[in-house]
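I have placed the structure first, in the form of structure tokens, so that the comments after it can refer back to it.
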Amino acid sequence: MNRAPASPTKAFILSVLASAVLVACGGQSGTASVNDNDTQANTALNLAFEPNAPVSVGDTATDGLAWFNYRRQQIGLPPLTRNPLLDRAAQAHSDYQKLNNVITHEETPGAPGFTGAELGQRIAAAGYNFSARRFAYGEVISATSSTLGFAAAEDLITAIYHRFVIFEPTFSEVGGGTASVSGGYTYFTANMTANGLTQSLGRGGFVTFPTPGQQHVPANFFSDREIPDPVPERNEVGFPISVHADIASVLNVTAFTVRPRGGALLDVKLLTHASDADTPMSTAALVPLAPLAPATIFDVHFSGTIDGVAVSRNWSFTTR
């Protein structure tokens with residue numbers, strides 16, 4: 001989807017997510033799709049509440065990628081290694097969006113700054129080659145009148161379909177690029193790859209977000225600002241809770257619940273691949289149907305199978 005940005009006075013962010021694509025033996029398995037995320041940049045970060053948070057260097061792309069890695073390591077995932085060829089691809093696509101005044105996952109041949117119609121072509125044009133027979137790649141994009149990389153990255157993580165890509169355990173490399181319009185928008189593009197689908201977490205392994213014991217978790221999420229809308233029947237909902245296994249795994253949910261400490265189970269929407277085509281087979285998420293109570297401990301229970309292995313976890317987090 002191509003859109004011109006809204007007025008830069010609105011602190012507006014529009015993000016685009018390309019789901020990971022699996023390729024084996026020269027052919028494609030799975031499908032590629034584009035999810036557009038339309039979100040106001042309203043994530044309020046107080047670094048005093050974020051233990052061992054990175055230090056900003058003042059560059060949107062560098063800070064954004066550092067925040068992705070901060071959150072990945074926080075939940076038990078390895079950090080992504082920055083690759084200059086992926087930087088080149090991401091920078092070229094940010095430049096394309098600036099030149100054409102659009103926010104898009106796809107490029108139009110002949111348009112200023114064109115390097116490839118879709119992400120795989122743009123990565124190849126930048127000189128990045130996959131040596132493994134099976135590999136994966138993904139992309140998240142934002143545009144906002146703010147240049148704060150930490151806040152842009154946190155907004156993308158909050159948006160659940162984007163989180164599925166950013167927290168893909170198998171991804172090992174990343175590149176980022178930004179392009180800014182004077183007095184207007186900063187376009188931030190991040191490209192992630194897995195050159196070979198070796199298991200990162202292993203059979204039956206998974207991570208969660210929020211992570212066990214996490215403090216200062218936001219209470220809400222505006223569902224209407226993500227397209228596809230994960231909860232189309234309402235706008236302001238609770239902060240999404242997610243489970244992530246390796247990209248080639250199949251995760252099945254037996255039970256997935258959340259409740260305030262000592263209280264009743266919350267009404268939620270469960271996102272799994274069986275009920276939602278935009279949710280990968282290796283992930284699942286709960287979206288509470290109302291904002292979470294502030295300064296409250298929430299207890300989560302998850303049980304199911306990953307590649308036939310029975311798994312279960314109970315954990316808690318606390319809202320800000």
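Chain labels follow the order of the structure tokens: the first chain is A, the next B, and so on; residue numbering restarts at 1 in every chain, and ligands are counted from 1 in their shown order.
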Excluding Pro78 in chain A and its own-chain neighbours fewer than 4 positions away, which residues fall within 9 Å of it when counting only C-alpha atoms? Please give them as a list of chain:residue names.
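Everything that qualifies: A:Asn69, A:Arg72, A:Gln73, A:Pro169, A:Phe171, A:Ser172, A:Ser200.
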Could you give me, as a tab-separated table, a per-residue list for range 225-292 of chain A showing, wherever an atom lies at most 12 Å from an atom of range 184-198 of chain A, the closest pair of atoms and their distance in Å to one decimal, using only C-alpha atoms and sorting by chain then residue number from low to high?
residue	atom	partner	partner_atom	distance
A:Asp246	CA	A:Leu197	CA	8.6
A:Ile247	CA	A:Leu197	CA	7.8
A:Ala248	CA	A:Leu197	CA	7.4
A:Ser249	CA	A:Leu197	CA	10.5
query = Can you tell me, as a PyMOL selection string, what residues are no more than 12 Å from Pro109 in chain A when counting only C-alpha atoms, ignoring any on the same chain fewer than 6 positions away?
reply = chain A and resi 96+115-118+121-122
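Take CA of Ala92 in chain A and CA of Glu107 in chain A: the distance between them is 10.8 Å.
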*Using the chain letters and numbers from this document, which residues of range 84-317 of chain A does DSSP assign to alpha helix (DSSP H), as a VMD selection string?*
chain A and resid 84 to 100 119 to 125 149 to 158 160 to 166
| request: Quick one: pull the distance between CA of Val243 in chain A and CA of Phe130 in chain A, Å, one decimal. | output: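 The value is 27.6 Å.
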With only C-alpha atoms counted and 7 Å as the cut-off, give the residues of range 171-273 of chain A in contact with range 281-287 of chain A, each with its shortest interatomic distance in Å and the pair that gives it, as CSV.
residue,atom,partner,partner_atom,distance
A:Gly238,CA,A:Val287,CA,6.1
A:Phe239,CA,A:Val287,CA,6.5
A:Pro240,CA,A:Val287,CA,4.6
A:Ile241,CA,A:Leu286,CA,5.1
A:Ser242,CA,A:Ala285,CA,4.1
A:Val243,CA,A:Ala284,CA,5.3
A:His244,CA,A:Thr283,CA,4.7
A:Ala245,CA,A:Ser282,CA,5.2
A:Asp246,CA,A:Ser282,CA,6.3
A:Ile247,CA,A:Ser282,CA,5.6
A:Ala248,CA,A:Ser282,CA,6.8
A:Ser249,CA,A:Ser282,CA,5.2
A:Val250,CA,A:Ser282,CA,5.0
A:Leu251,CA,A:Ser282,CA,5.0
A:Val268,CA,A:Val287,CA,5.4
A:Lys269,CA,A:Val287,CA,5.1
A:Leu270,CA,A:Leu286,CA,4.8
A:Leu271,CA,A:Ala285,CA,5.0
A:Thr272,CA,A:Ala284,CA,4.9
A:His273,CA,A:Met281,CA,5.1
Saved selection, atoms kept: all heavy atoms, as a compact mmCIF listing (two decimals), in the first residue's frame:
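Below you can see part_23.txt, which holds the result:
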# COMPACT_ATOMS: atom_id res chain seq x y z
N GLY A 238 -5.81 -3.63 25.30
CA GLY A 238 -4.67 -3.81 26.18
C GLY A 238 -3.40 -4.12 25.43
O GLY A 238 -3.41 -4.50 24.25
N PHE A 239 -2.28 -3.99 26.10
CA PHE A 239 -0.98 -4.26 25.50
C PHE A 239 -0.88 -5.72 25.09
O PHE A 239 -1.16 -6.62 25.89
CB PHE A 239 0.13 -3.92 26.50
CG PHE A 239 1.50 -3.93 25.91
CD1 PHE A 239 1.98 -2.85 25.18
CD2 PHE A 239 2.35 -5.02 26.10
CE1 PHE A 239 3.26 -2.86 24.65
CE2 PHE A 239 3.63 -5.03 25.57
CZ PHE A 239 4.08 -3.95 24.84
N PRO A 240 -0.49 -6.02 23.84
CA PRO A 240 -0.41 -7.41 23.39
C PRO A 240 0.64 -8.22 24.14
O PRO A 240 1.71 -7.71 24.48
CB PRO A 240 -0.05 -7.28 21.90
CG PRO A 240 -0.47 -5.89 21.52
CD PRO A 240 -0.23 -5.07 22.74
N ILE A 241 0.34 -9.48 24.36
CA ILE A 241 1.24 -10.44 25.01
C ILE A 241 1.53 -11.53 23.99
O ILE A 241 0.61 -12.07 23.38
CB ILE A 241 0.57 -11.04 26.26
CG1 ILE A 241 0.16 -9.94 27.23
CG2 ILE A 241 1.49 -12.05 26.93
CD1 ILE A 241 -0.88 -10.37 28.24
N SER A 242 2.80 -11.86 23.76
CA SER A 242 3.12 -12.75 22.64
C SER A 242 4.11 -13.83 23.02
O SER A 242 4.90 -13.70 23.97
CB SER A 242 3.67 -11.94 21.46
OG SER A 242 4.76 -11.13 21.85
N VAL A 243 4.06 -14.93 22.24
CA VAL A 243 4.94 -16.08 22.36
C VAL A 243 5.59 -16.31 21.00
O VAL A 243 4.91 -16.28 19.97
CB VAL A 243 4.15 -17.33 22.79
CG1 VAL A 243 5.03 -18.57 22.80
CG2 VAL A 243 3.52 -17.12 24.16
N HIS A 244 6.91 -16.55 20.98
CA HIS A 244 7.66 -16.64 19.74
C HIS A 244 8.55 -17.88 19.74
O HIS A 244 9.40 -18.03 20.62
CB HIS A 244 8.55 -15.40 19.55
CG HIS A 244 7.82 -14.10 19.70
ND1 HIS A 244 7.49 -13.32 18.62
CD2 HIS A 244 7.37 -13.45 20.81
CE1 HIS A 244 6.86 -12.23 19.05
NE2 HIS A 244 6.77 -12.29 20.38
N ALA A 245 8.38 -18.75 18.75
CA ALA A 245 9.27 -19.89 18.53
C ALA A 245 10.04 -19.65 17.23
O ALA A 245 9.84 -18.65 16.53
CB ALA A 245 8.47 -21.19 18.47
N ASP A 246 10.96 -20.57 16.90
CA ASP A 246 11.73 -20.44 15.65
C ASP A 246 10.82 -20.44 14.43
O ASP A 246 9.77 -21.10 14.42
CB ASP A 246 12.73 -21.60 15.54
CG ASP A 246 13.88 -21.48 16.53
OD1 ASP A 246 14.28 -20.35 16.85
OD2 ASP A 246 14.37 -22.53 16.98
N ILE A 247 11.24 -19.74 13.39
CA ILE A 247 10.39 -19.46 12.24
C ILE A 247 9.86 -20.73 11.55
O ILE A 247 8.75 -20.72 11.01
CB ILE A 247 11.15 -18.58 11.22
CG1 ILE A 247 10.19 -17.97 10.21
CG2 ILE A 247 12.26 -19.37 10.52
CD1 ILE A 247 10.84 -16.91 9.35
N ALA A 248 10.62 -21.82 11.55
CA ALA A 248 10.18 -23.03 10.87
C ALA A 248 9.34 -23.93 11.79
O ALA A 248 8.89 -24.99 11.37
CB ALA A 248 11.38 -23.81 10.35
N SER A 249 9.10 -23.51 13.02
CA SER A 249 8.34 -24.31 13.98
C SER A 249 6.84 -24.11 13.80
O SER A 249 6.39 -23.10 13.25
CB SER A 249 8.73 -23.96 15.41
OG SER A 249 10.07 -24.32 15.67
N VAL A 250 6.07 -25.06 14.32
CA VAL A 250 4.62 -24.96 14.35
C VAL A 250 4.19 -24.91 15.80
O VAL A 250 4.44 -25.85 16.57
CB VAL A 250 3.95 -26.15 13.63
CG1 VAL A 250 2.43 -26.07 13.77
CG2 VAL A 250 4.36 -26.17 12.16
N LEU A 251 3.57 -23.81 16.19
CA LEU A 251 3.13 -23.61 17.56
C LEU A 251 1.62 -23.78 17.63
O LEU A 251 0.88 -23.16 16.86
CB LEU A 251 3.54 -22.21 18.03
CG LEU A 251 3.24 -21.81 19.48
CD1 LEU A 251 4.27 -20.79 19.97
CD2 LEU A 251 1.84 -21.21 19.62
N VAL A 268 -10.09 -11.51 26.07
CA VAL A 268 -8.96 -11.33 25.16
C VAL A 268 -9.33 -11.80 23.76
O VAL A 268 -10.31 -12.54 23.57
CB VAL A 268 -7.72 -12.12 25.63
CG1 VAL A 268 -7.24 -11.64 26.99
CG2 VAL A 268 -8.02 -13.62 25.65
N LYS A 269 -8.53 -11.37 22.79
CA LYS A 269 -8.57 -11.96 21.45
C LYS A 269 -7.28 -12.74 21.28
O LYS A 269 -6.18 -12.22 21.48
CB LYS A 269 -8.69 -10.90 20.37
CG LYS A 269 -8.74 -11.51 18.97
CD LYS A 269 -9.13 -10.50 17.91
CE LYS A 269 -9.30 -11.19 16.56
NZ LYS A 269 -9.74 -10.25 15.51
N LEU A 270 -7.40 -14.01 20.91
CA LEU A 270 -6.25 -14.88 20.69
C LEU A 270 -5.89 -14.87 19.21
O LEU A 270 -6.74 -15.14 18.35
CB LEU A 270 -6.56 -16.30 21.14
CG LEU A 270 -5.50 -17.37 20.85
CD1 LEU A 270 -4.20 -17.07 21.60
CD2 LEU A 270 -6.04 -18.76 21.21
N LEU A 271 -4.64 -14.54 18.92
CA LEU A 271 -4.14 -14.56 17.55
C LEU A 271 -3.25 -15.79 17.35
O LEU A 271 -2.21 -15.92 18.00
CB LEU A 271 -3.33 -13.29 17.24
CG LEU A 271 -4.05 -11.96 17.34
CD1 LEU A 271 -3.08 -10.82 17.05
CD2 LEU A 271 -5.24 -11.90 16.39
N THR A 272 -3.67 -16.69 16.49
CA THR A 272 -2.86 -17.83 16.07
C THR A 272 -2.99 -17.95 14.56
O THR A 272 -3.92 -17.39 13.96
CB THR A 272 -3.32 -19.15 16.72
OG1 THR A 272 -4.63 -19.48 16.22
CG2 THR A 272 -3.36 -19.03 18.24
N HIS A 273 -2.10 -18.69 13.96
CA HIS A 273 -2.16 -18.84 12.50
C HIS A 273 -3.46 -19.53 12.07
O HIS A 273 -3.99 -19.24 11.00
CB HIS A 273 -0.95 -19.63 11.99
CG HIS A 273 -0.88 -19.69 10.50
ND1 HIS A 273 -0.56 -18.60 9.72
CD2 HIS A 273 -1.10 -20.73 9.63
CE1 HIS A 273 -0.58 -18.95 8.45
NE2 HIS A 273 -0.91 -20.22 8.36
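Nearest-residue note for Asn83 in chain A: choosing from A:Ala124, A:Val174, A:Leu99, A:Ala132, the minimum distance belongs to A:Val174, counting only C-alpha atoms.
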Can you list, as a ChimeraX atom specification, every residue of range 29-259 of chain A that DSSP puts in strand (DSSP E)?
-> /A:29,34-40,81-82,136-144,173-180,186-194,207-209,220-222,236-238,241-244,251-259
Checklist entry - Near Gly175 in chain A, within 8 Å and counting only C-alpha atoms, which residues show up once chain neighbours fewer than 2 positions away are dropped, as a ChimeraX atom specification? => result /A:65,82-90,173,177,190-192
For Leu201 in chain A, the closest of A:Leu119, A:Ala151, A:Ile306, A:Ala53 counting only C-alpha atoms is A:Ile306
Top pick for closest residue to Ala111 in chain A, considering A:Lys98, A:Pro54, A:Thr81, A:Glu233 and counting only C-alpha atoms: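 That would be A:Lys98, the residue with the smallest distance to Ala111 in chain A.
For the residues A:Phe256, A:Phe298, A:Tyr161, A:Phe317, ranking by smallest atom-to-atom distance to Pro280 in chain A using only C-alpha atoms places A:Tyr161 first.
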Skip Ala153 in chain A itself and residues of its chain fewer than 4 positions away, then list as a list of chain:residue names all residues within 9 Å of it, counting only C-alpha atoms.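 My list of contacting residues is A:Asp63, A:Gly64, A:Leu65, A:Ala66, A:Trp67, A:Phe68, A:Ser142, A:Leu148, A:Gly149, A:Ile157, A:Thr158.
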Just to be explicit: take each residue in the selection above, keep C-alpha atoms, and write the result as a PDB file, in the first residue's frame.
ATOM      1  CA  ASP A  63      19.227   4.010  17.869  1.00  0.00           C
ATOM      2  CA  GLY A  64      16.278   2.092  16.404  1.00  0.00           C
ATOM      3  CA  LEU A  65      18.366  -1.012  15.743  1.00  0.00           C
ATOM      4  CA  ALA A  66      19.971  -0.726  19.179  1.00  0.00           C
ATOM      5  CA  TRP A  67      16.505  -0.688  20.751  1.00  0.00           C
ATOM      6  CA  PHE A  68      15.461  -3.771  18.772  1.00  0.00           C
ATOM      7  CA  SER A 142       8.113   3.744   9.902  1.00  0.00           C
ATOM      8  CA  LEU A 148      13.859   9.572  18.152  1.00  0.00           C
ATOM      9  CA  GLY A 149      14.977   6.095  17.138  1.00  0.00           C
ATOM     10  CA  ILE A 157       7.471  -3.535  18.793  1.00  0.00           C
ATOM     11  CA  THR A 158       4.122  -2.605  20.340  1.00  0.00           C
TER      12      THR A 158
END
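Proximity of A:Ser182, A:Thr208, A:Asn100, A:Thr60 to Thr147 in chain A, computed with only C-alpha atoms, is greatest for A:Thr60.
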